[in-house]
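Scroll down for the structure; my scribbles are underneath it.
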2 protein chains.
Amino acid sequence: MLCDVLLANGVDVCFANPGTSEMHFVAALDRKPAMRCVLGLSEGVVTGAADGYARMADRPAATLLHLGPGLANGLANLHNARRARTPMLNIVGDHATHHLELDAPLTSDIESLARPMSHWVGRVRDAADVRARTEEAYAAALSRRGVSTLILPADAAWGEVEAAAPQPVAPPAPQPAPARELERAATALRGGRKAALILAGRALRAGALEAAGRIAAATGAALLSQTAPRTARGAGRAVAPRIPYAVEQAVAALAGFEVAICVGGGQPVAFFAYPGKPGRLLPPGCEVIELAGPGHDLDATLEALAGEVGAGPGAPFARGRLAQRDIPAPAGPLDADTVSIAVARALPQDAIVCDESITSGGRLAALAPSLPPHDHLMLTGGAIGIGIPLAAGAAIACPDRKVVALQADGSGMYTVQGLWTQARENLDIVTIVLANRAYAILQGEMRNVGVNRFGRNASRMLDLGDPALDWCALANGMGVEAGRAETVEEFTALLDAALSRRGPFLIEALI
Amino acid sequence: MLCDVLLANGVDVCFANPGTSEMHFVAALDRKPAMRCVLGLSEGVVTGAADGYARMADRPAATLLHLGPGLANGLANLHNARRARTPMLNIVGDHATHHLELDAPLTSDIESLARPMSHWVGRVRDAADVRARTEEAYAAALSRRGVSTLILPADAAWGEVEAAAPQPVAPPAPQPAPARELERAATALRGGRKAALILAGRALRAGALEAAGRIAAATGAALLSQTAPRTARGAGRAVAPRIPYAVEQAVAALAGFEVAICVGGGQPVAFFAYPGKPGRLLPPGCEVIELAGPGHDLDATLEALAGEVGAGPGAPFARGRLAQRDIPAPAGPLDADTVSIAVARALPQDAIVCDESITSGGRLAALAPSLPPHDHLMLTGGAIGIGIPLAAGAAIACPDRKVVALQADGSGMYTVQGLWTQARENLDIVTIVLANRAYAILQGEMRNVGVNRFGRNASRMLDLGDPALDWCALANGMGVEAGRAETVEEFTALLDAALSRRGPFLIEALI
């Protein structure tokens with residue numbers, strides 16, 4: 001019944017890491033060949049892949065997780081999915097209801113674990129409750145645009161239900177921002193003050209982004225963006241530069257704005273707090289209009305606002321222009337810049353770029369408007385270790401598009417197990433490991449707190465070079481072919497080879 | 001101040017995976033060379049190693065984790081530590097207090113995540129609160145024998161405190177079971193009914209176990225054990241066979257007992273519930289005396305009970321007799337049995353056996369009484385993925401003892417990153433990966449629910465053979481030397497070589 005509800009609603013991929021309490025559900029999945037089951041060897045792979053899948057497929061995947069500890073292992077990437085507002089439906093097995101009072105070794109408070117990273121949490125009461133509760137979980141994932149976690153006790157899974165053919169659930173469609181708020185934003189844009197249109201979430205998808213570009217062109221507002229799960233990039237698309245991560249740079253980028261209209265998320269805030277630095281990044285006194293949040297229809301909101309300011313469909317906007325062939329070949333040592341330039345020169349049409357490059361993004365964002373249209377997927381919640389599974393999920397959603405994953409080495413290790421899933425499913429992914437052999441971002445943060453010379457303890461916690469990770473061996477050990485590059489020439493040759501074939505390949509770029 | 005409180009109380013090892021919000025604490029650790037900081041590349045390594053360390057050192061380690069997602073990644077092994085009643089002190093960084101209201105991307109409800117897997121959860125209010133709150137966390141870890149999780153906001157970490165030299169904290173010592181309960185147990189043992197003395201937790205340590213052996217010898221009670229974090233095994237020790245995992249076998253092992261005296265834990269229950277099978281494993285009508293739990297002094301409890309039944313120090317007990325040299329060499333194909341026999345024949349004196357062999361334990365438990373004295377560490381909470389980090393922690397606690405880790409391949413993958421820590425710290429560990437290339441326990445559980453022929457979906461979720469993991473490549477990729485064995489002869493040769501040198505080595509046994 002649970003499978004039938006999922007399949008009736010188009011949920012036909014289940015990322016799984018099952019255990020004993022889910023065996024009846026596994027047996028049921030075995031009778032439903034329409035459901036594609038994808039195994040992850042750790043649960044961070046499962047939830048990260050479900051996030052990548054839904055970002056690209058625009059419909060939720062299911063996950064299958066084993067009791068509290070299985071859920072716990074997947075929570076970090078559920079945190080990212082929650083911040084990305086990715087629809088997802090987690091099925092978490094639990095002991096049979098009557099077994100809970102015995103406090104058997106695997107018993108834990110699953111609800112308490114699930115709530116911080118879920119928009120909806122529910123528990124199936126018994127077999128008769130499976131249909132209604134699964135429909136509720138699915139509807140919540142869609143209507144709230146977020147993570148639903150459904151706890152399935154073993155006795156509910158092994159109980160009998162009446163045969164029935166579930167019908168699709170139709171959750172209420174999201175609505176645009178209210179007319180009053182739209183009018184307020186339009187008035188602000190017409191008022192001659194220095195304005196910023198700040199996009200987040202689904203406002204970075206192609207349609208919404210184009211409408212935002214028209215608004216900016218018609219009103220003179222600056223177009224900016226915050227971290228977003230999926231950004232339409234490349235030639236023909238409007239360009240919304242990202243507000244920098246570093247507080248000083250962010251404050252400088254936002255200096256002088258008198259009004260900020262935020263679409264898809266709230267006003268920009270600092271990722272971390274620092275002594276004496278601001279948390280809110282807009283200048284004091286700047287009027288903030290939070291026009292529409294993740295629950296609104298952002299396409300309709302931005303089209304309506306565009307209409308209000310005389311920038312309806314067909315109006316001009318500043319767009320990227322394809323100039324990929326004019327990007328000069330990278331020269332000099334292999335580093336974040338030269339890697340990113342080489343990637344930019346080779347990026348194919350309709351690629352999906354999964355970006356967990358952290359400190360090693362180089363120049364890719366700056367070059368993106370000159371590249372063929374592509375999608376850019378980003379770490380949304382700051383819980384590192386999403387890149388490898390995110391790429392796997394995106395590749396399953398879009399088997400005809402090339403996935404290029406830019407992966408920092410430190411964060412890549414948290415869910416390195418995802419390479420095995422890439423091999424098992426023969427996914428068309430080129431993973432580029434930017435191997436600086438350090439938690440480079442933390443070395444920078446140590447300097448931010450005034451420590452410039454590291455002693456033994458700090459070095460031992462921030463430096464990954466002893467022993468050096470051999471990413472080619474790790475990839476080979478999980479069935480993924482790999483090559484190592486120490487020069488720009490070696491990197492370019494490996495990249496060309498990897499892009500010209502199908503299937504997973506990993507390039508370890510020693511930067 | 002936080003470091004000073006830890007060091008004043010003998011907590012001088014910190015397993016860490018830090019992030020930005022903990023940079024002030026990292027800077028403080030850098031000024032305290034007496035604290036040994038051990039980096040894990042994922043948080044499951046950090047918490048599993050802290051568990052292994054405390055099981056062997058008999059004092060807590062600290063962990064350092066990064067906000068909610070960092071804690072979440074470590075929760076599965078915290079679950080195991082909670083079930084093992086391992087004292088542990090987790091330091092979890094959080095945003096500065098004033099930053100929380102901004103709901104920055106990494107914000108989450110850390111308390112909700114921590115509570116299910118912790119015995120004590122607290123949050124430092126400000127810098128002036130650091131000392132008292134850390135002392136409270138430490139005292140709770142000791143007095144409750146369990147997991148303390150202390151949340152440290154960044155502003156508390158960067159605030160100023162008065163210099164002071166913290167003094168050791170003296171939490172109340174555990175007490176033996178009350179005299180009335182001891183009298184009840186002694187009366188039951190003298191009453192002529194068929195009795196079982198069922199040990200769990202610290203009742204499996206050498207001293208308590210010997211007292212239990214004397215009680216059993218004097219009264220005719222059967223000596224049995226439940227899953228325990230650390231069991232004293234080998235020649236000279238009393239033998240307390242483990243109640244089997246499978247429900248039918250457990251019920252058979254306990255059939256006929258009229259009274260059960262449980263020391264160190266509650267009465268035995270089934271790990272999982274199954275339709276039509278019992279949850280409580282003792283026969284109906286069996287009197288259950290839960291004499292002492294994990295919070296009691298179990299040595300004193302069992303000595304007192306021994307005295308009551310005339311089996312004080314010096315009384316005889318059935319003990320293992322060294323016959324290691326008489327174990328016949330294994331013959332036939334390399335499988336769980338032959339691997340375990342080869343390990344038994346070669347196991348050195350005072351070895352620490354870390355056992356996450358799951359379905360592949362073979363005959364080691366049966367042979368253990370014939371081996372030199374050693375300690376056996378086991379998966380306590382059923383959250384798989386503890387073996388590799390557990391071994392690392394045990395090796396750090398006991399640098400002069402050889403660690404032999406029996407590791408199932410499926411569970412090994414969850415925290416495979418721990419091999420890097422083994423290499424970095426040059427830990428004296430021989431890891432034996434029992435590579436059956438399947439979630440074999442789940443294949444058995446599928447048969448338990450009546451499915452004997454697996455279709456594509458079940459196969460894809462229970463079979464790890466496509467592609468086969470290359471554990472030697474994985475180990476090499478993290479700096480650990482490794483070799484593969486396909487025959488008993490190859491395995492024995494690799495084992496002998498690995499045991500004769502120091503440092504980490506991995507043997508992939510294709511069984």
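Convention: chains lettered A, B, ... in structure tokens order; per-chain residue numbering from 1; ligands numbered from 1 as shown.
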
Extract, using only C-alpha atoms, all DNA, RNA and protein residues at most 9 Å from Phe505 in chain A, discarding same-chain residues fewer than 6 positions from it, and format them as a VMD selection string.
-> chain A and resid 423 428 to 432 475 480 to 483 498 to 499

Suppose we keep N, CA, C and O atoms; can you now write the selection as a PDB file, in the first residue's frame?
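Output contents, as saved in result_12.pdb:
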```
ATOM      1  N   ALA A 423      29.113   4.114  -9.278  1.00  0.00           N
ATOM      2  CA  ALA A 423      29.587   2.994 -10.096  1.00  0.00           C
ATOM      3  C   ALA A 423      28.477   1.974 -10.315  1.00  0.00           C
ATOM      4  O   ALA A 423      28.253   1.516 -11.432  1.00  0.00           O
ATOM      5  N   ASP A 428      26.447   9.066 -15.120  1.00  0.00           N
ATOM      6  CA  ASP A 428      27.301   9.847 -16.030  1.00  0.00           C
ATOM      7  C   ASP A 428      27.834  11.098 -15.320  1.00  0.00           C
ATOM      8  O   ASP A 428      27.361  12.211 -15.543  1.00  0.00           O
ATOM      9  N   ILE A 429      28.805  10.882 -14.471  1.00  0.00           N
ATOM     10  CA  ILE A 429      29.313  11.933 -13.571  1.00  0.00           C
ATOM     11  C   ILE A 429      30.834  12.024 -13.665  1.00  0.00           C
ATOM     12  O   ILE A 429      31.527  11.017 -13.538  1.00  0.00           O
ATOM     13  N   VAL A 430      31.328  13.232 -13.876  1.00  0.00           N
ATOM     14  CA  VAL A 430      32.763  13.488 -13.741  1.00  0.00           C
ATOM     15  C   VAL A 430      32.971  14.214 -12.419  1.00  0.00           C
ATOM     16  O   VAL A 430      32.488  15.336 -12.238  1.00  0.00           O
ATOM     17  N   THR A 431      33.619  13.557 -11.490  1.00  0.00           N
ATOM     18  CA  THR A 431      33.895  14.170 -10.187  1.00  0.00           C
ATOM     19  C   THR A 431      35.312  14.717 -10.204  1.00  0.00           C
ATOM     20  O   THR A 431      36.259  13.981 -10.495  1.00  0.00           O
ATOM     21  N   ILE A 432      35.436  15.990  -9.912  1.00  0.00           N
ATOM     22  CA  ILE A 432      36.751  16.631  -9.847  1.00  0.00           C
ATOM     23  C   ILE A 432      37.051  16.923  -8.386  1.00  0.00           C
ATOM     24  O   ILE A 432      36.400  17.773  -7.767  1.00  0.00           O
ATOM     25  N   ALA A 475      38.531   5.849  -5.265  1.00  0.00           N
ATOM     26  CA  ALA A 475      37.556   5.684  -6.339  1.00  0.00           C
ATOM     27  C   ALA A 475      37.626   4.270  -6.917  1.00  0.00           C
ATOM     28  O   ALA A 475      36.601   3.591  -7.061  1.00  0.00           O
ATOM     29  N   VAL A 480      35.022   3.034  -9.390  1.00  0.00           N
ATOM     30  CA  VAL A 480      35.010   4.209 -10.261  1.00  0.00           C
ATOM     31  C   VAL A 480      36.418   4.402 -10.822  1.00  0.00           C
ATOM     32  O   VAL A 480      37.395   4.456 -10.074  1.00  0.00           O
ATOM     33  N   GLU A 481      36.514   4.520 -12.134  1.00  0.00           N
ATOM     34  CA  GLU A 481      37.809   4.813 -12.753  1.00  0.00           C
ATOM     35  C   GLU A 481      38.262   6.216 -12.373  1.00  0.00           C
ATOM     36  O   GLU A 481      37.426   7.105 -12.153  1.00  0.00           O
ATOM     37  N   ALA A 482      39.558   6.415 -12.345  1.00  0.00           N
ATOM     38  CA  ALA A 482      40.070   7.688 -11.858  1.00  0.00           C
ATOM     39  C   ALA A 482      41.444   7.973 -12.428  1.00  0.00           C
ATOM     40  O   ALA A 482      42.156   7.068 -12.866  1.00  0.00           O
ATOM     41  N   GLY A 483      41.802   9.250 -12.417  1.00  0.00           N
ATOM     42  CA  GLY A 483      43.143   9.670 -12.816  1.00  0.00           C
ATOM     43  C   GLY A 483      43.568  10.872 -11.999  1.00  0.00           C
ATOM     44  O   GLY A 483      42.733  11.622 -11.496  1.00  0.00           O
ATOM     45  N   ALA A 498      37.285  12.287 -19.870  1.00  0.00           N
ATOM     46  CA  ALA A 498      36.135  11.943 -19.026  1.00  0.00           C
ATOM     47  C   ALA A 498      34.833  12.454 -19.629  1.00  0.00           C
ATOM     48  O   ALA A 498      33.799  11.786 -19.563  1.00  0.00           O
ATOM     49  N   LEU A 499      34.879  13.653 -20.235  1.00  0.00           N
ATOM     50  CA  LEU A 499      33.652  14.230 -20.798  1.00  0.00           C
ATOM     51  C   LEU A 499      33.246  13.537 -22.090  1.00  0.00           C
ATOM     52  O   LEU A 499      32.083  13.606 -22.485  1.00  0.00           O
TER      53      LEU A 499
END
```

Once DSSP has gone over the backbone, tell me which residues of range 364-452 of chain A are in helix (DSSP H, G or I), as a PDB file with N, CA, C and O atoms, in the first residue's frame.
```pdb
ATOM      1  N   LEU A 364      34.819  29.875 -11.682  1.00  0.00           N
ATOM      2  CA  LEU A 364      33.687  29.315 -12.428  1.00  0.00           C
ATOM      3  C   LEU A 364      32.460  30.221 -12.383  1.00  0.00           C
ATOM      4  O   LEU A 364      31.784  30.416 -13.402  1.00  0.00           O
ATOM      5  N   ALA A 365      32.161  30.794 -11.208  1.00  0.00           N
ATOM      6  CA  ALA A 365      30.981  31.657 -11.117  1.00  0.00           C
ATOM      7  C   ALA A 365      31.124  32.865 -12.033  1.00  0.00           C
ATOM      8  O   ALA A 365      30.172  33.258 -12.723  1.00  0.00           O
ATOM      9  N   ALA A 366      32.311  33.435 -12.069  1.00  0.00           N
ATOM     10  CA  ALA A 366      32.531  34.612 -12.915  1.00  0.00           C
ATOM     11  C   ALA A 366      32.393  34.275 -14.395  1.00  0.00           C
ATOM     12  O   ALA A 366      31.914  35.091 -15.194  1.00  0.00           O
ATOM     13  N   LEU A 367      32.800  33.068 -14.768  1.00  0.00           N
ATOM     14  CA  LEU A 367      32.761  32.677 -16.181  1.00  0.00           C
ATOM     15  C   LEU A 367      31.401  32.115 -16.598  1.00  0.00           C
ATOM     16  O   LEU A 367      31.128  31.993 -17.800  1.00  0.00           O
ATOM     17  N   ALA A 368      30.565  31.771 -15.617  1.00  0.00           N
ATOM     18  CA  ALA A 368      29.314  31.057 -15.933  1.00  0.00           C
ATOM     19  C   ALA A 368      28.455  31.740 -16.996  1.00  0.00           C
ATOM     20  O   ALA A 368      27.910  31.057 -17.872  1.00  0.00           O
ATOM     21  N   PRO A 369      28.308  33.085 -16.982  1.00  0.00           N
ATOM     22  CA  PRO A 369      27.439  33.698 -17.998  1.00  0.00           C
ATOM     23  C   PRO A 369      27.917  33.479 -19.431  1.00  0.00           C
ATOM     24  O   PRO A 369      27.131  33.623 -20.370  1.00  0.00           O
ATOM     25  N   SER A 370      29.185  33.140 -19.614  1.00  0.00           N
ATOM     26  CA  SER A 370      29.731  32.921 -20.957  1.00  0.00           C
ATOM     27  C   SER A 370      29.591  31.481 -21.426  1.00  0.00           C
ATOM     28  O   SER A 370      30.000  31.148 -22.540  1.00  0.00           O
ATOM     29  N   GLY A 387      28.283  16.693  -1.816  1.00  0.00           N
ATOM     30  CA  GLY A 387      28.597  16.749  -3.236  1.00  0.00           C
ATOM     31  C   GLY A 387      28.475  15.432  -3.972  1.00  0.00           C
ATOM     32  O   GLY A 387      27.821  15.341  -5.016  1.00  0.00           O
ATOM     33  N   ILE A 388      29.120  14.386  -3.453  1.00  0.00           N
ATOM     34  CA  ILE A 388      29.141  13.106  -4.174  1.00  0.00           C
ATOM     35  C   ILE A 388      27.727  12.517  -4.284  1.00  0.00           C
ATOM     36  O   ILE A 388      27.297  12.141  -5.376  1.00  0.00           O
ATOM     37  N   PRO A 389      26.956  12.459  -3.198  1.00  0.00           N
ATOM     38  CA  PRO A 389      25.581  11.968  -3.350  1.00  0.00           C
ATOM     39  C   PRO A 389      24.676  12.899  -4.151  1.00  0.00           C
ATOM     40  O   PRO A 389      23.814  12.425  -4.903  1.00  0.00           O
ATOM     41  N   LEU A 390      24.862  14.188  -4.014  1.00  0.00           N
ATOM     42  CA  LEU A 390      24.029  15.134  -4.775  1.00  0.00           C
ATOM     43  C   LEU A 390      24.177  14.865  -6.266  1.00  0.00           C
ATOM     44  O   LEU A 390      23.190  14.851  -7.019  1.00  0.00           O
ATOM     45  N   ALA A 391      25.422  14.648  -6.687  1.00  0.00           N
ATOM     46  CA  ALA A 391      25.681  14.354  -8.098  1.00  0.00           C
ATOM     47  C   ALA A 391      24.996  13.051  -8.513  1.00  0.00           C
ATOM     48  O   ALA A 391      24.429  12.958  -9.608  1.00  0.00           O
ATOM     49  N   ALA A 392      25.031  12.064  -7.629  1.00  0.00           N
ATOM     50  CA  ALA A 392      24.397  10.787  -7.956  1.00  0.00           C
ATOM     51  C   ALA A 392      22.900  10.972  -8.166  1.00  0.00           C
ATOM     52  O   ALA A 392      22.317  10.455  -9.134  1.00  0.00           O
ATOM     53  N   GLY A 393      22.261  11.707  -7.271  1.00  0.00           N
ATOM     54  CA  GLY A 393      20.819  11.922  -7.401  1.00  0.00           C
ATOM     55  C   GLY A 393      20.466  12.712  -8.650  1.00  0.00           C
ATOM     56  O   GLY A 393      19.507  12.392  -9.365  1.00  0.00           O
ATOM     57  N   ALA A 394      21.259  13.749  -8.942  1.00  0.00           N
ATOM     58  CA  ALA A 394      20.996  14.557 -10.136  1.00  0.00           C
ATOM     59  C   ALA A 394      21.141  13.715 -11.398  1.00  0.00           C
ATOM     60  O   ALA A 394      20.354  13.838 -12.347  1.00  0.00           O
ATOM     61  N   ALA A 395      22.140  12.832 -11.412  1.00  0.00           N
ATOM     62  CA  ALA A 395      22.370  11.999 -12.599  1.00  0.00           C
ATOM     63  C   ALA A 395      21.233  10.998 -12.793  1.00  0.00           C
ATOM     64  O   ALA A 395      20.889  10.652 -13.926  1.00  0.00           O
ATOM     65  N   ILE A 396      20.655  10.527 -11.686  1.00  0.00           N
ATOM     66  CA  ILE A 396      19.530   9.597 -11.822  1.00  0.00           C
ATOM     67  C   ILE A 396      18.297  10.342 -12.334  1.00  0.00           C
ATOM     68  O   ILE A 396      17.531   9.819 -13.146  1.00  0.00           O
ATOM     69  N   ALA A 397      18.138  11.585 -11.907  1.00  0.00           N
ATOM     70  CA  ALA A 397      16.992  12.372 -12.380  1.00  0.00           C
ATOM     71  C   ALA A 397      17.123  12.734 -13.853  1.00  0.00           C
ATOM     72  O   ALA A 397      16.126  12.809 -14.567  1.00  0.00           O
ATOM     73  N   ASP A 409      38.230  18.212  -1.177  1.00  0.00           N
ATOM     74  CA  ASP A 409      38.611  16.897  -0.643  1.00  0.00           C
ATOM     75  C   ASP A 409      38.134  16.678   0.788  1.00  0.00           C
ATOM     76  O   ASP A 409      37.632  15.607   1.133  1.00  0.00           O
ATOM     77  N   GLY A 410      38.243  17.714   1.613  1.00  0.00           N
ATOM     78  CA  GLY A 410      37.811  17.547   3.000  1.00  0.00           C
ATOM     79  C   GLY A 410      36.344  17.185   3.095  1.00  0.00           C
ATOM     80  O   GLY A 410      35.970  16.204   3.754  1.00  0.00           O
ATOM     81  N   SER A 411      35.488  17.919   2.411  1.00  0.00           N
ATOM     82  CA  SER A 411      34.051  17.637   2.489  1.00  0.00           C
ATOM     83  C   SER A 411      33.694  16.363   1.743  1.00  0.00           C
ATOM     84  O   SER A 411      32.738  15.673   2.113  1.00  0.00           O
ATOM     85  N   GLY A 412      34.468  16.038   0.718  1.00  0.00           N
ATOM     86  CA  GLY A 412      34.181  14.806  -0.027  1.00  0.00           C
ATOM     87  C   GLY A 412      34.280  13.556   0.826  1.00  0.00           C
ATOM     88  O   GLY A 412      33.585  12.571   0.589  1.00  0.00           O
ATOM     89  N   MET A 413      35.128  13.592   1.845  1.00  0.00           N
ATOM     90  CA  MET A 413      35.345  12.378   2.640  1.00  0.00           C
ATOM     91  C   MET A 413      34.134  11.983   3.487  1.00  0.00           C
ATOM     92  O   MET A 413      34.005  10.827   3.872  1.00  0.00           O
ATOM     93  N   TYR A 414      33.257  12.925   3.810  1.00  0.00           N
ATOM     94  CA  TYR A 414      32.132  12.591   4.695  1.00  0.00           C
ATOM     95  C   TYR A 414      31.191  11.569   4.062  1.00  0.00           C
ATOM     96  O   TYR A 414      30.584  10.761   4.767  1.00  0.00           O
ATOM     97  N   THR A 415      31.049  11.645   2.749  1.00  0.00           N
ATOM     98  CA  THR A 415      30.136  10.725   2.067  1.00  0.00           C
ATOM     99  C   THR A 415      30.825  10.099   0.868  1.00  0.00           C
ATOM    100  O   THR A 415      30.218   9.896  -0.189  1.00  0.00           O
ATOM    101  N   GLY A 418      29.475   7.382  -1.559  1.00  0.00           N
ATOM    102  CA  GLY A 418      28.589   7.620  -2.694  1.00  0.00           C
ATOM    103  C   GLY A 418      29.219   7.274  -4.028  1.00  0.00           C
ATOM    104  O   GLY A 418      28.512   7.065  -5.021  1.00  0.00           O
ATOM    105  N   LEU A 419      30.547   7.198  -4.085  1.00  0.00           N
ATOM    106  CA  LEU A 419      31.188   6.805  -5.344  1.00  0.00           C
ATOM    107  C   LEU A 419      30.753   5.400  -5.740  1.00  0.00           C
ATOM    108  O   LEU A 419      30.612   5.095  -6.934  1.00  0.00           O
ATOM    109  N   TRP A 420      30.542   4.551  -4.751  1.00  0.00           N
ATOM    110  CA  TRP A 420      30.102   3.186  -5.066  1.00  0.00           C
ATOM    111  C   TRP A 420      28.731   3.206  -5.744  1.00  0.00           C
ATOM    112  O   TRP A 420      28.496   2.475  -6.716  1.00  0.00           O
ATOM    113  N   THR A 421      27.839   4.047  -5.256  1.00  0.00           N
ATOM    114  CA  THR A 421      26.515   4.150  -5.893  1.00  0.00           C
ATOM    115  C   THR A 421      26.653   4.676  -7.321  1.00  0.00           C
ATOM    116  O   THR A 421      25.954   4.222  -8.235  1.00  0.00           O
ATOM    117  N   GLN A 422      27.567   5.620  -7.520  1.00  0.00           N
ATOM    118  CA  GLN A 422      27.803   6.116  -8.880  1.00  0.00           C
ATOM    119  C   GLN A 422      28.258   4.984  -9.801  1.00  0.00           C
ATOM    120  O   GLN A 422      27.838   4.907 -10.963  1.00  0.00           O
ATOM    121  N   ALA A 423      29.113   4.114  -9.278  1.00  0.00           N
ATOM    122  CA  ALA A 423      29.587   2.994 -10.096  1.00  0.00           C
ATOM    123  C   ALA A 423      28.477   1.974 -10.315  1.00  0.00           C
ATOM    124  O   ALA A 423      28.253   1.516 -11.432  1.00  0.00           O
ATOM    125  N   ARG A 424      27.766   1.620  -9.258  1.00  0.00           N
ATOM    126  CA  ARG A 424      26.741   0.591  -9.358  1.00  0.00           C
ATOM    127  C   ARG A 424      25.667   0.978 -10.362  1.00  0.00           C
ATOM    128  O   ARG A 424      25.188   0.154 -11.135  1.00  0.00           O
ATOM    129  N   ALA A 440      40.843  23.876   4.369  1.00  0.00           N
ATOM    130  CA  ALA A 440      41.374  25.211   4.074  1.00  0.00           C
ATOM    131  C   ALA A 440      40.460  26.296   4.615  1.00  0.00           C
ATOM    132  O   ALA A 440      40.916  27.352   5.067  1.00  0.00           O
ATOM    133  N   ILE A 441      39.151  26.043   4.587  1.00  0.00           N
ATOM    134  CA  ILE A 441      38.236  27.078   5.075  1.00  0.00           C
ATOM    135  C   ILE A 441      38.469  27.329   6.562  1.00  0.00           C
ATOM    136  O   ILE A 441      38.373  28.455   7.042  1.00  0.00           O
ATOM    137  N   LEU A 442      38.817  26.270   7.290  1.00  0.00           N
ATOM    138  CA  LEU A 442      39.039  26.433   8.731  1.00  0.00           C
ATOM    139  C   LEU A 442      40.387  27.081   9.015  1.00  0.00           C
ATOM    140  O   LEU A 442      40.533  27.812   9.994  1.00  0.00           O
ATOM    141  N   GLN A 443      41.363  26.811   8.153  1.00  0.00           N
ATOM    142  CA  GLN A 443      42.633  27.532   8.314  1.00  0.00           C
ATOM    143  C   GLN A 443      42.388  29.031   8.174  1.00  0.00           C
ATOM    144  O   GLN A 443      42.927  29.836   8.936  1.00  0.00           O
ATOM    145  N   GLY A 444      41.521  29.402   7.229  1.00  0.00           N
ATOM    146  CA  GLY A 444      41.156  30.816   7.086  1.00  0.00           C
ATOM    147  C   GLY A 444      40.394  31.331   8.299  1.00  0.00           C
ATOM    148  O   GLY A 444      40.633  32.450   8.770  1.00  0.00           O
ATOM    149  N   GLU A 445      39.495  30.498   8.811  1.00  0.00           N
ATOM    150  CA  GLU A 445      38.706  30.940   9.968  1.00  0.00           C
ATOM    151  C   GLU A 445      39.582  31.076  11.213  1.00  0.00           C
ATOM    152  O   GLU A 445      39.335  31.930  12.067  1.00  0.00           O
ATOM    153  N   MET A 446      40.623  30.242  11.328  1.00  0.00           N
ATOM    154  CA  MET A 446      41.553  30.398  12.447  1.00  0.00           C
ATOM    155  C   MET A 446      42.222  31.768  12.354  1.00  0.00           C
ATOM    156  O   MET A 446      42.369  32.465  13.356  1.00  0.00           O
ATOM    157  N   ARG A 447      42.606  32.138  11.142  1.00  0.00           N
ATOM    158  CA  ARG A 447      43.211  33.462  10.978  1.00  0.00           C
ATOM    159  C   ARG A 447      42.189  34.551  11.318  1.00  0.00           C
ATOM    160  O   ARG A 447      42.525  35.565  11.908  1.00  0.00           O
ATOM    161  N   ASN A 448      40.925  34.283  10.990  1.00  0.00           N
ATOM    162  CA  ASN A 448      39.866  35.242  11.324  1.00  0.00           C
ATOM    163  C   ASN A 448      39.752  35.476  12.832  1.00  0.00           C
ATOM    164  O   ASN A 448      39.317  36.535  13.260  1.00  0.00           O
TER     165      ASN A 448
END
```

Which value, in Å to one decimal, gives the distance between CA of Glu210 in chain A and CA of Val251 in chain A?
->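 Here the two named atoms are 26.0 Å from each other.
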
Every residue of range 180-308 of chain B that DSSP places in strand (DSSP E or B), as a list in words =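 Across range 180-308 of chain B, those assigned strand (DSSP E or B) are Ala195, Ala196, Leu197, Ile198, Leu199, Ala222, Leu223, Leu224, Ser225, Arg230, Thr231, Ala232, Arg233, Ala235, Ala238, Arg242, Val259, Ala260, Ile261, Cys262, Val263, Val269, Arg280, Glu287, Val288, Ile289, Glu290, Leu291 and Ala292 of chain B.
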
Could you check which of B:Ala493, B:Ile215, B:Leu291, B:Leu379 is closest to chain A, using only C-alpha atoms?
->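 Checking each candidate against chain A, we get B:Leu379 as the closest.
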
Report the distance between CA of Ala81 in chain B and CA of Leu7 in chain B in Å, rounded to one decimal place.
->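 Going from CA of Ala81 in chain B over to CA of Leu7 in chain B covers 21.9 Å.
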
Nearest to Ala323 in chain B: which of B:Ala49, B:Val259, B:Ala235, B:Met461 is it, counting only C-alpha atoms?
->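 So, comparing all the options, the nearest one is B:Ala235.
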
Distance in Å - CA of Ala211 in chain A versus CA of Ala252 in chain A =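 One can read the CA of Ala211 in chain A to CA of Ala252 in chain A distance as 26.2 Å.
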
Smallest atom-to-atom distance to chain B: which of A:Gly52, A:Gly159, A:Gly361, A:Gly201, using only C-alpha atoms?
-> A:Gly159

Please tabulate, as a Markdown table, the residues of range 265-290 of chain A that come within 12 Å of range 105-115 of chain B, each with its closest pair of atoms and the distance in Å to one decimal, counting only C-alpha atoms and ordering rows by chain, then residue number upward.
```
| residue | atom | partner | partner_atom | distance |
| --- | --- | --- | --- | --- |
| A:Gly265 | CA | B:Pro105 | CA | 11.4 |
| A:Gly266 | CA | B:Pro105 | CA | 11.4 |
| A:Pro268 | CA | B:Pro105 | CA | 10.4 |
| A:Val269 | CA | B:Pro105 | CA | 8.9 |
| A:Ala270 | CA | B:Pro105 | CA | 9.0 |
| A:Phe271 | CA | B:Pro105 | CA | 6.4 |
| A:Phe272 | CA | B:Leu106 | CA | 8.4 |
| A:Ala273 | CA | B:Leu106 | CA | 11.4 |
```
